[in-house]
>>> print(open('work-v2.cif').read())   # mmCIF, N, CA and C atoms, pLDDT in the B column; chains and numbers go by the auth columns
data_target
#
loop_
_atom_site.group_PDB
_atom_site.id
_atom_site.type_symbol
_atom_site.label_atom_id
_atom_site.label_comp_id
_atom_site.label_asym_id
_atom_site.label_seq_id
_atom_site.Cartn_x
_atom_site.Cartn_y
_atom_site.Cartn_z
_atom_site.B_iso_or_equiv
_atom_site.auth_seq_id
_atom_site.auth_asym_id
ATOM 1 N N MET A 1 19.028 35.936 12.845 92.00 1468 U
ATOM 2 C CA MET A 1 18.147 34.770 12.785 92.00 1468 U
ATOM 3 C C MET A 1 17.415 34.764 11.442 92.00 1468 U
ATOM 4 N N VAL A 2 17.124 33.552 10.996 95.00 1469 U
ATOM 5 C CA VAL A 2 16.414 33.350 9.739 95.00 1469 U
ATOM 6 C C VAL A 2 15.187 32.494 10.012 95.00 1469 U
ATOM 7 N N LYS A 3 14.033 32.927 9.487 96.00 1470 U
ATOM 8 C CA LYS A 3 12.817 32.124 9.607 96.00 1470 U
ATOM 9 C C LYS A 3 12.627 31.388 8.286 96.00 1470 U
ATOM 10 N N THR A 4 12.502 30.067 8.377 97.00 1471 U
ATOM 11 C CA THR A 4 12.306 29.239 7.197 97.00 1471 U
ATOM 12 C C THR A 4 10.910 28.638 7.261 97.00 1471 U
ATOM 13 N N THR A 5 10.177 28.760 6.159 97.00 1472 U
ATOM 14 C CA THR A 5 8.822 28.223 6.070 97.00 1472 U
ATOM 15 C C THR A 5 8.765 27.235 4.915 97.00 1472 U
ATOM 16 N N LEU A 6 8.223 26.058 5.200 97.00 1473 U
ATOM 17 C CA LEU A 6 8.091 25.011 4.195 97.00 1473 U
ATOM 18 C C LEU A 6 6.619 24.774 3.913 97.00 1473 U
ATOM 19 N N LYS A 7 6.254 24.695 2.641 97.00 1474 U
ATOM 20 C CA LYS A 7 4.903 24.284 2.250 97.00 1474 U
ATOM 21 C C LYS A 7 4.970 22.777 2.054 97.00 1474 U
ATOM 22 N N ILE A 8 4.147 22.052 2.801 97.00 1475 U
ATOM 23 C CA ILE A 8 4.217 20.586 2.796 97.00 1475 U
ATOM 24 C C ILE A 8 2.862 19.989 2.453 97.00 1475 U
ATOM 25 N N GLU A 9 2.895 19.045 1.532 96.00 1476 U
ATOM 26 C CA GLU A 9 1.688 18.354 1.113 96.00 1476 U
ATOM 27 C C GLU A 9 1.665 16.960 1.742 96.00 1476 U
ATOM 28 N N GLY A 10 0.506 16.569 2.260 95.00 1477 U
ATOM 29 C CA GLY A 10 0.364 15.221 2.791 95.00 1477 U
ATOM 30 C C GLY A 10 0.130 15.138 4.288 95.00 1477 U
ATOM 31 N N MET A 11 0.269 16.245 5.009 96.00 1478 U
ATOM 32 C CA MET A 11 0.000 16.214 6.452 96.00 1478 U
ATOM 33 C C MET A 11 -1.517 16.179 6.665 96.00 1478 U
ATOM 34 N N MET A 12 -1.979 15.223 7.480 96.00 1479 U
ATOM 35 C CA MET A 12 -3.413 15.059 7.706 96.00 1479 U
ATOM 36 C C MET A 12 -3.846 15.261 9.159 96.00 1479 U
ATOM 37 N N CYS A 13 -2.880 15.183 10.101 96.00 1480 U
ATOM 38 C CA CYS A 13 -3.268 15.226 11.511 96.00 1480 U
ATOM 39 C C CYS A 13 -2.100 15.724 12.370 96.00 1480 U
ATOM 40 N N SER A 14 -2.306 15.741 13.669 95.00 1481 U
ATOM 41 C CA SER A 14 -1.268 16.214 14.583 95.00 1481 U
ATOM 42 C C SER A 14 -0.060 15.270 14.630 95.00 1481 U
ATOM 43 N N MET A 15 -0.272 13.984 14.362 96.00 1482 U
ATOM 44 C CA MET A 15 0.867 13.057 14.302 96.00 1482 U
ATOM 45 C C MET A 15 1.758 13.381 13.105 96.00 1482 U
ATOM 46 N N CYS A 16 1.134 13.768 12.000 96.00 1483 U
ATOM 47 C CA CYS A 16 1.905 14.191 10.824 96.00 1483 U
ATOM 48 C C CYS A 16 2.750 15.413 11.176 96.00 1483 U
ATOM 49 N N GLU A 17 2.158 16.351 11.900 97.00 1484 U
ATOM 50 C CA GLU A 17 2.898 17.544 12.338 97.00 1484 U
ATOM 51 C C GLU A 17 4.101 17.135 13.185 97.00 1484 U
ATOM 52 N N ALA A 18 3.899 16.193 14.088 97.00 1485 U
ATOM 53 C CA ALA A 18 4.985 15.729 14.954 97.00 1485 U
ATOM 54 C C ALA A 18 6.095 15.080 14.128 97.00 1485 U
ATOM 55 N N HIS A 19 5.737 14.303 13.116 96.00 1486 U
ATOM 56 C CA HIS A 19 6.743 13.685 12.244 96.00 1486 U
ATOM 57 C C HIS A 19 7.575 14.749 11.534 96.00 1486 U
ATOM 58 N N ILE A 20 6.901 15.756 10.993 97.00 1487 U
ATOM 59 C CA ILE A 20 7.603 16.827 10.281 97.00 1487 U
ATOM 60 C C ILE A 20 8.508 17.591 11.242 97.00 1487 U
ATOM 61 N N ASN A 21 8.021 17.880 12.441 97.00 1488 U
ATOM 62 C CA ASN A 21 8.846 18.584 13.437 97.00 1488 U
ATOM 63 C C ASN A 21 10.111 17.784 13.760 97.00 1488 U
ATOM 64 N N ASP A 22 9.968 16.468 13.920 97.00 1489 U
ATOM 65 C CA ASP A 22 11.118 15.604 14.197 97.00 1489 U
ATOM 66 C C ASP A 22 12.113 15.617 13.039 97.00 1489 U
ATOM 67 N N VAL A 23 11.594 15.566 11.819 96.00 1490 U
ATOM 68 C CA VAL A 23 12.452 15.590 10.628 96.00 1490 U
ATOM 69 C C VAL A 23 13.260 16.895 10.579 96.00 1490 U
ATOM 70 N N ILE A 24 12.600 18.000 10.849 96.00 1491 U
ATOM 71 C CA ILE A 24 13.285 19.303 10.823 96.00 1491 U
ATOM 72 C C ILE A 24 14.364 19.344 11.898 96.00 1491 U
ATOM 73 N N ARG A 25 14.034 18.880 13.100 96.00 1492 U
ATOM 74 C CA ARG A 25 15.022 18.903 14.194 96.00 1492 U
ATOM 75 C C ARG A 25 16.245 18.036 13.886 96.00 1492 U
ATOM 76 N N LYS A 26 16.030 16.916 13.192 96.00 1493 U
ATOM 77 C CA LYS A 26 17.157 16.044 12.826 96.00 1493 U
ATOM 78 C C LYS A 26 17.976 16.643 11.693 96.00 1493 U
ATOM 79 N N ALA A 27 17.309 17.241 10.706 95.00 1494 U
ATOM 80 C CA ALA A 27 17.999 17.811 9.548 95.00 1494 U
ATOM 81 C C ALA A 27 18.721 19.113 9.896 95.00 1494 U
ATOM 82 N N VAL A 28 18.152 19.870 10.856 95.00 1495 U
ATOM 83 C CA VAL A 28 18.720 21.158 11.256 95.00 1495 U
ATOM 84 C C VAL A 28 18.882 21.144 12.783 95.00 1495 U
ATOM 85 N N PRO A 29 20.010 20.626 13.269 93.00 1496 U
ATOM 86 C CA PRO A 29 20.202 20.485 14.717 93.00 1496 U
ATOM 87 C C PRO A 29 20.021 21.777 15.530 93.00 1496 U
ATOM 88 N N GLY A 30 20.299 22.928 14.950 93.00 1497 U
ATOM 89 C CA GLY A 30 20.160 24.192 15.677 93.00 1497 U
ATOM 90 C C GLY A 30 18.802 24.853 15.518 93.00 1497 U
ATOM 91 N N ALA A 31 17.828 24.145 14.959 96.00 1498 U
ATOM 92 C CA ALA A 31 16.500 24.724 14.718 96.00 1498 U
ATOM 93 C C ALA A 31 15.805 25.056 16.032 96.00 1498 U
ATOM 94 N N LYS A 32 15.156 26.211 16.044 96.00 1499 U
ATOM 95 C CA LYS A 32 14.407 26.665 17.223 96.00 1499 U
ATOM 96 C C LYS A 32 12.979 26.982 16.806 96.00 1499 U
ATOM 97 N N LYS A 33 12.067 26.925 17.768 96.00 1500 U
ATOM 98 C CA LYS A 33 10.648 27.236 17.556 96.00 1500 U
ATOM 99 C C LYS A 33 10.083 26.491 16.353 96.00 1500 U
ATOM 100 N N VAL A 34 10.339 25.199 16.305 97.00 1501 U
ATOM 101 C CA VAL A 34 9.844 24.359 15.208 97.00 1501 U
ATOM 102 C C VAL A 34 8.347 24.135 15.400 97.00 1501 U
ATOM 103 N N SER A 35 7.567 24.416 14.362 97.00 1502 U
ATOM 104 C CA SER A 35 6.126 24.179 14.451 97.00 1502 U
ATOM 105 C C SER A 35 5.580 23.818 13.073 97.00 1502 U
ATOM 106 N N SER A 36 4.496 23.050 13.081 97.00 1503 U
ATOM 107 C CA SER A 36 3.845 22.622 11.845 97.00 1503 U
ATOM 108 C C SER A 36 2.343 22.750 12.001 97.00 1503 U
ATOM 109 N N SER A 37 1.671 22.925 10.869 97.00 1504 U
ATOM 110 C CA SER A 37 0.210 22.983 10.862 97.00 1504 U
ATOM 111 C C SER A 37 -0.305 22.184 9.679 97.00 1504 U
ATOM 112 N N HIS A 38 -1.033 21.097 9.968 96.00 1505 U
ATOM 113 C CA HIS A 38 -1.593 20.321 8.865 96.00 1505 U
ATOM 114 C C HIS A 38 -2.716 21.093 8.174 96.00 1505 U
ATOM 115 N N ALA A 39 -3.414 21.947 8.917 97.00 1506 U
ATOM 116 C CA ALA A 39 -4.497 22.743 8.342 97.00 1506 U
ATOM 117 C C ALA A 39 -3.961 23.743 7.312 97.00 1506 U
ATOM 118 N N LYS A 40 -2.827 24.344 7.606 97.00 1507 U
ATOM 119 C CA LYS A 40 -2.212 25.310 6.685 97.00 1507 U
ATOM 120 C C LYS A 40 -1.301 24.621 5.666 97.00 1507 U
ATOM 121 N N GLY A 41 -0.883 23.409 5.979 97.00 1508 U
ATOM 122 C CA GLY A 41 0.023 22.687 5.098 97.00 1508 U
ATOM 123 C C GLY A 41 1.411 23.293 5.096 97.00 1508 U
ATOM 124 N N GLU A 42 1.840 23.732 6.282 97.00 1509 U
ATOM 125 C CA GLU A 42 3.178 24.320 6.355 97.00 1509 U
ATOM 126 C C GLU A 42 3.862 24.052 7.683 97.00 1509 U
ATOM 127 N N ALA A 43 5.175 24.230 7.650 97.00 1510 U
ATOM 128 C CA ALA A 43 6.000 24.094 8.849 97.00 1510 U
ATOM 129 C C ALA A 43 6.971 25.262 8.842 97.00 1510 U
ATOM 130 N N SER A 44 7.403 25.690 10.033 97.00 1511 U
ATOM 131 C CA SER A 44 8.369 26.783 10.108 97.00 1511 U
ATOM 132 C C SER A 44 9.294 26.585 11.292 97.00 1511 U
ATOM 133 N N PHE A 45 10.454 27.228 11.200 97.00 1512 U
ATOM 134 C CA PHE A 45 11.428 27.181 12.282 97.00 1512 U
ATOM 135 C C PHE A 45 12.402 28.331 12.139 97.00 1512 U
ATOM 136 N N LEU A 46 13.132 28.588 13.220 97.00 1513 U
ATOM 137 C CA LEU A 46 14.167 29.624 13.226 97.00 1513 U
ATOM 138 C C LEU A 46 15.530 28.957 13.281 97.00 1513 U
ATOM 139 N N SER A 47 16.509 29.576 12.636 96.00 1514 U
ATOM 140 C CA SER A 47 17.884 29.083 12.680 96.00 1514 U
ATOM 141 C C SER A 47 18.833 30.267 12.585 96.00 1514 U
ATOM 142 N N GLU A 48 20.080 30.042 12.952 94.00 1515 U
ATOM 143 C CA GLU A 48 21.080 31.102 12.908 94.00 1515 U
ATOM 144 C C GLU A 48 21.390 31.533 11.474 94.00 1515 U
ATOM 145 N N GLU A 49 21.413 30.557 10.550 91.00 1516 U
ATOM 146 C CA GLU A 49 21.721 30.834 9.149 91.00 1516 U
ATOM 147 C C GLU A 49 20.697 30.143 8.261 91.00 1516 U
ATOM 148 N N ALA A 50 20.637 30.569 7.004 90.00 1517 U
ATOM 149 C CA ALA A 50 19.746 29.920 6.042 90.00 1517 U
ATOM 150 C C ALA A 50 20.157 28.461 5.874 90.00 1517 U
ATOM 151 N N VAL A 51 19.176 27.607 5.669 92.00 1518 U
ATOM 152 C CA VAL A 51 19.415 26.170 5.543 92.00 1518 U
ATOM 153 C C VAL A 51 19.273 25.776 4.073 92.00 1518 U
ATOM 154 N N ASP A 52 20.075 24.808 3.648 92.00 1519 U
ATOM 155 C CA ASP A 52 20.041 24.324 2.273 92.00 1519 U
ATOM 156 C C ASP A 52 18.652 23.781 1.934 92.00 1519 U
ATOM 157 N N GLU A 53 18.046 24.343 0.904 93.00 1520 U
ATOM 158 C CA GLU A 53 16.694 23.962 0.492 93.00 1520 U
ATOM 159 C C GLU A 53 16.629 22.491 0.079 93.00 1520 U
ATOM 160 N N LYS A 54 17.634 22.017 -0.628 95.00 1521 U
ATOM 161 C CA LYS A 54 17.658 20.633 -1.094 95.00 1521 U
ATOM 162 C C LYS A 54 17.698 19.664 0.091 95.00 1521 U
ATOM 163 N N LEU A 55 18.473 20.003 1.131 93.00 1522 U
ATOM 164 C CA LEU A 55 18.558 19.180 2.335 93.00 1522 U
ATOM 165 C C LEU A 55 17.180 19.016 2.963 93.00 1522 U
ATOM 166 N N LEU A 56 16.444 20.129 3.107 94.00 1523 U
ATOM 167 C CA LEU A 56 15.110 20.083 3.713 94.00 1523 U
ATOM 168 C C LEU A 56 14.136 19.281 2.857 94.00 1523 U
ATOM 169 N N LYS A 57 14.142 19.527 1.551 95.00 1524 U
ATOM 170 C CA LYS A 57 13.218 18.810 0.658 95.00 1524 U
ATOM 171 C C LYS A 57 13.484 17.310 0.692 95.00 1524 U
ATOM 172 N N ASN A 58 14.739 16.918 0.689 96.00 1525 U
ATOM 173 C CA ASN A 58 15.084 15.493 0.732 96.00 1525 U
ATOM 174 C C ASN A 58 14.696 14.858 2.062 96.00 1525 U
ATOM 175 N N ALA A 59 14.905 15.582 3.162 95.00 1526 U
ATOM 176 C CA ALA A 59 14.554 15.059 4.489 95.00 1526 U
ATOM 177 C C ALA A 59 13.044 14.845 4.602 95.00 1526 U
ATOM 178 N N VAL A 60 12.272 15.800 4.097 96.00 1527 U
ATOM 179 C CA VAL A 60 10.811 15.679 4.140 96.00 1527 U
ATOM 180 C C VAL A 60 10.351 14.547 3.220 96.00 1527 U
ATOM 181 N N ALA A 61 10.923 14.471 2.021 95.00 1528 U
ATOM 182 C CA ALA A 61 10.535 13.440 1.055 95.00 1528 U
ATOM 183 C C ALA A 61 10.809 12.034 1.596 95.00 1528 U
ATOM 184 N N ALA A 62 11.869 11.885 2.383 94.00 1529 U
ATOM 185 C CA ALA A 62 12.227 10.579 2.943 94.00 1529 U
ATOM 186 C C ALA A 62 11.159 10.058 3.913 94.00 1529 U
ATOM 187 N N THR A 63 10.310 10.936 4.419 92.00 1530 U
ATOM 188 C CA THR A 63 9.263 10.522 5.354 92.00 1530 U
ATOM 189 C C THR A 63 7.927 10.264 4.661 92.00 1530 U
ATOM 190 N N GLY A 64 7.867 10.519 3.339 94.00 1531 U
ATOM 191 C CA GLY A 64 6.633 10.261 2.598 94.00 1531 U
ATOM 192 C C GLY A 64 5.784 11.490 2.337 94.00 1531 U
ATOM 193 N N TYR A 65 6.199 12.642 2.798 96.00 1532 U
ATOM 194 C CA TYR A 65 5.479 13.883 2.535 96.00 1532 U
ATOM 195 C C TYR A 65 6.152 14.591 1.364 96.00 1532 U
ATOM 196 N N THR A 66 5.496 15.583 0.797 96.00 1533 U
ATOM 197 C CA THR A 66 6.060 16.328 -0.319 96.00 1533 U
ATOM 198 C C THR A 66 6.272 17.774 0.087 96.00 1533 U
ATOM 199 N N CYS A 67 7.511 18.239 -0.008 96.00 1534 U
ATOM 200 C CA CYS A 67 7.836 19.634 0.283 96.00 1534 U
ATOM 201 C C CYS A 67 7.687 20.414 -1.017 96.00 1534 U
ATOM 202 N N MET A 68 6.687 21.269 -1.074 96.00 1535 U
ATOM 203 C CA MET A 68 6.389 22.016 -2.290 96.00 1535 U
ATOM 204 C C MET A 68 7.296 23.229 -2.467 96.00 1535 U
ATOM 205 N N SER A 69 7.642 23.876 -1.356 95.00 1536 U
ATOM 206 C CA SER A 69 8.512 25.051 -1.441 95.00 1536 U
ATOM 207 C C SER A 69 9.179 25.319 -0.099 95.00 1536 U
ATOM 208 N N VAL A 70 10.289 26.053 -0.172 95.00 1537 U
ATOM 209 C CA VAL A 70 11.035 26.461 1.013 95.00 1537 U
ATOM 210 C C VAL A 70 11.327 27.946 0.868 95.00 1537 U
ATOM 211 N N ASN A 71 10.913 28.730 1.847 94.00 1538 U
ATOM 212 C CA ASN A 71 11.176 30.170 1.833 94.00 1538 U
ATOM 213 C C ASN A 71 11.913 30.563 3.103 94.00 1538 U
ATOM 214 N N SER A 72 12.987 31.316 2.936 94.00 1539 U
ATOM 215 C CA SER A 72 13.750 31.813 4.086 94.00 1539 U
ATOM 216 C C SER A 72 13.763 33.335 4.047 94.00 1539 U
ATOM 217 N N ALA A 73 13.617 33.939 5.218 93.00 1540 U
ATOM 218 C CA ALA A 73 13.621 35.396 5.323 93.00 1540 U
ATOM 219 C C ALA A 73 14.232 35.797 6.655 93.00 1540 U
ATOM 220 N N PRO A 74 14.874 36.956 6.698 93.00 1541 U
ATOM 221 C CA PRO A 74 15.423 37.438 7.976 93.00 1541 U
ATOM 222 C C PRO A 74 14.298 37.549 9.004 93.00 1541 U
ATOM 223 N N TYR A 75 14.625 37.229 10.249 89.00 1542 U
ATOM 224 C CA TYR A 75 13.626 37.252 11.317 89.00 1542 U
ATOM 225 C C TYR A 75 14.079 38.200 12.409 89.00 1542 U
ATOM 226 N N GLU A 76 13.185 39.092 12.804 80.00 1543 U
ATOM 227 C CA GLU A 76 13.450 39.974 13.937 80.00 1543 U
ATOM 228 C C GLU A 76 12.367 39.739 14.967 80.00 1543 U
ATOM 229 N N LYS A 77 12.786 39.615 16.192 76.00 1544 U
ATOM 230 C CA LYS A 77 11.846 39.390 17.283 76.00 1544 U
ATOM 231 C C LYS A 77 10.877 40.559 17.358 76.00 1544 U
ATOM 232 N N LYS A 78 9.590 40.247 17.449 73.00 1545 U
ATOM 233 C CA LYS A 78 8.567 41.278 17.532 73.00 1545 U
ATOM 234 C C LYS A 78 8.062 41.375 18.952 73.00 1545 U
ATOM 235 N N GLY A 79 7.479 42.505 19.252 66.00 1546 U
ATOM 236 C CA GLY A 79 6.925 42.677 20.583 66.00 1546 U
ATOM 237 C C GLY A 79 7.351 43.996 21.186 66.00 1546 U
ATOM 238 N N TRP A 80 6.824 44.275 22.323 64.00 1547 U
ATOM 239 C CA TRP A 80 7.065 45.549 22.997 64.00 1547 U
ATOM 240 C C TRP A 80 8.543 45.798 23.255 64.00 1547 U
ATOM 241 N N PHE A 81 9.259 44.809 23.745 59.00 1548 U
ATOM 242 C CA PHE A 81 10.656 44.992 24.110 59.00 1548 U
ATOM 243 C C PHE A 81 11.595 44.919 22.918 59.00 1548 U
ATOM 244 N N GLY A 82 11.113 44.483 21.771 52.00 1549 U
ATOM 245 C CA GLY A 82 11.938 44.388 20.576 52.00 1549 U
ATOM 246 C C GLY A 82 11.966 45.665 19.761 52.00 1549 U
ATOM 247 N N ARG A 83 11.210 46.677 20.194 50.00 1550 U
ATOM 248 C CA ARG A 83 11.116 47.937 19.441 50.00 1550 U
ATOM 249 C C ARG A 83 12.363 48.778 19.632 50.00 1550 U
ATOM 250 N N LYS A 84 12.626 49.553 18.605 48.00 1551 U
ATOM 251 C CA LYS A 84 13.781 50.463 18.670 48.00 1551 U
ATOM 252 C C LYS A 84 13.350 51.890 18.829 48.00 1551 U
#
>>> encode(input="work-v2.cif", output="structure tokens")
Amino acid sequence: MVKTTLKIEGMMCSMCEAHINDVIRKAVPGAKKVSSSHAKGEASFLSEEAVDEKLLKNAVAATGYTCMSVNSAPYEKKGWFGRK
């Protein structure tokens, strides 16, 4: 699994978060645990593979927001049962 985090400029409220979540789900059909925070100015989601940065930036830009950066990193489930 890969966790992708986007820094997004222009989100002002929970409706903005919902718009960004919808955009991510449409651009990345296999996205899981999609969440956004207007207070932090970021959105994140999990996917099986890394997603094309240009695809995400263009999808966000089409809605009127600005995607400042996209970071992807390997994701491992945390918690008591995830320990080795």
>>> residues_near_point(input="work-v2.cif", point="(2.3, 13.0, 2.0)", cutoff="8 Å", atoms="all atoms listed in the file", output="list in words")
Ile1475, Glu1476, Gly1477, Met1478, Met1479, Thr1530, Gly1531, Tyr1532, Thr1533 and Cys1534 of chain U
>>> resolve_selection(input="work-v2.cif", expression="the PyMOL selection byres ((chain U and resi 1509) around 8)", output="PyMOL selection string")
chain U and resi 1472-1476+1478+1502-1508+1510-1511
>>> select_by_dssp(input="work-v2.cif", residues="chain U", states="helix (DSSP H, G or I)", output="VMD selection string")
chain U and resid 1481 to 1494 1520 to 1528 1547 to 1549
>>> residues_around(input="work-v2.cif", residues="U:Leu1513", least_positions_apart="3", cutoff="6 Å", atoms="only N, CA and C atoms", output="count of residues only")
8
>>> resolve_selection(input="work-v2.cif", expression="the PyMOL selection byres (((chain U and resi 1495 and name CA) around 12) and name CA)", output="ChimeraX atom specification")
/U:1471,1487-1494,1496-1501,1511-1520,1522-1523,1526-1527
>>> closest_residue(input="work-v2.cif", among="U:Met1468, U:Ala1485, U:Cys1480, U:Ala1528", to="U:Ala1540", atoms="only N, CA and C atoms")
U:Met1468
>>> atom_distance(input="work-v2.cif", atom1="atom N of U:Ser1536", atom2="atom C of U:Lys1524")
9.0 Å
>>> axis_aligned_box(input="work-v2.cif", around="stretch 1518-1526 of chain U", padding_each_side="3 Å", output="lines of an AutoDock Vina configuration file")
center_x = 16.6
center_y = 21.2
center_z = 2.3
size_x = 13.0
size_y = 18.8
size_z = 12.8
>>> select_by_dssp(input="work-v2.cif", residues="chain U", states="strand (DSSP E or B)", output="list in words")
Val1469, Lys1470, Thr1471, Thr1472, Leu1473, Lys1474, Ile1475, Glu1476, Lys1499, Lys1500, Val1501, Ser1502, Ser1503, Ser1504, Glu1509, Ala1510, Ser1511, Phe1512, Leu1513, Ser1514, Thr1533, Cys1534, Met1535, Ser1536, Val1537, Asn1538, Ser1539, Ala1540 and Pro1541 of chain U
>>> atom_distance(input="work-v2.cif", atom1="atom N of U:Ser1539", atom2="atom N of U:Lys1521")
11.0 Å
>>> atom_distance(input="work-v2.cif", atom1="atom CA of U:Asn1525", atom2="atom CA of U:Ser1481")
21.4 Å
>>> decode(input="work-v2.cif", residues="stretch 1468-1527 of chain U", atoms="C-alpha atoms", output="CSV table (one decimal), in the first residue's frame")
chain,number,residue,atom,x,y,z
U,1468,MET,CA,0.0,0.0,0.0
U,1469,VAL,CA,1.0,3.6,-0.7
U,1470,LYS,CA,-0.1,6.6,1.2
U,1471,THR,CA,-0.4,9.7,-0.9
U,1472,THR,CA,-0.6,13.2,0.7
U,1473,LEU,CA,-1.5,16.3,-1.3
U,1474,LYS,CA,-1.0,19.9,-0.1
U,1475,ILE,CA,-4.0,21.8,-1.3
U,1476,GLU,CA,-4.6,25.6,-1.3
U,1477,GLY,CA,-8.0,27.0,-1.4
U,1478,MET,CA,-10.1,24.7,0.9
U,1479,MET,CA,-12.1,26.9,3.3
U,1480,CYS,CA,-14.7,24.5,4.8
U,1481,SER,CA,-16.1,21.0,5.1
U,1482,MET,CA,-17.8,21.3,1.7
U,1483,CYS,CA,-14.4,22.0,0.1
U,1484,GLU,CA,-13.1,18.8,1.8
U,1485,ALA,CA,-16.0,16.9,0.3
U,1486,HIS,CA,-15.2,18.2,-3.1
U,1487,ILE,CA,-11.6,17.2,-2.9
U,1488,ASN,CA,-12.5,13.8,-1.6
U,1489,ASP,CA,-14.9,13.3,-4.6
U,1490,VAL,CA,-12.2,14.4,-7.0
U,1491,ILE,CA,-9.7,11.9,-5.5
U,1492,ARG,CA,-12.2,9.1,-5.7
U,1493,LYS,CA,-12.9,9.8,-9.3
U,1494,ALA,CA,-9.3,10.3,-10.3
U,1495,VAL,CA,-8.1,7.2,-8.4
U,1496,PRO,CA,-10.9,4.6,-8.5
U,1497,GLY,CA,-9.1,2.2,-6.0
U,1498,ALA,CA,-8.4,4.9,-3.4
U,1499,LYS,CA,-9.1,4.0,0.2
U,1500,LYS,CA,-9.4,6.0,3.4
U,1501,VAL,CA,-9.8,9.3,1.5
U,1502,SER,CA,-9.7,12.2,3.9
U,1503,SER,CA,-9.2,16.0,3.7
U,1504,SER,CA,-8.6,18.8,6.2
U,1505,HIS,CA,-9.2,22.4,5.3
U,1506,ALA,CA,-7.4,23.4,8.5
U,1507,LYS,CA,-4.2,21.6,7.5
U,1508,GLY,CA,-4.6,22.3,3.8
U,1509,GLU,CA,-4.1,18.7,2.9
U,1510,ALA,CA,-5.8,15.5,1.7
U,1511,SER,CA,-4.6,11.9,1.9
U,1512,PHE,CA,-5.5,8.5,0.7
U,1513,LEU,CA,-4.3,4.9,0.3
U,1514,SER,CA,-3.8,3.0,-2.9
U,1515,GLU,CA,-2.3,-0.2,-4.1
U,1516,GLU,CA,0.3,1.6,-6.2
U,1517,ALA,CA,1.7,5.1,-6.5
U,1518,VAL,CA,-0.5,7.5,-8.5
U,1519,ASP,CA,0.7,9.8,-11.2
U,1520,GLU,CA,1.3,13.2,-9.7
U,1521,LYS,CA,0.3,15.1,-12.8
U,1522,LEU,CA,-3.1,13.3,-12.9
U,1523,LEU,CA,-3.8,14.4,-9.3
U,1524,LYS,CA,-2.7,18.0,-9.8
U,1525,ASN,CA,-4.8,18.3,-13.0
U,1526,ALA,CA,-7.9,16.8,-11.3
U,1527,VAL,CA,-7.6,19.1,-8.3
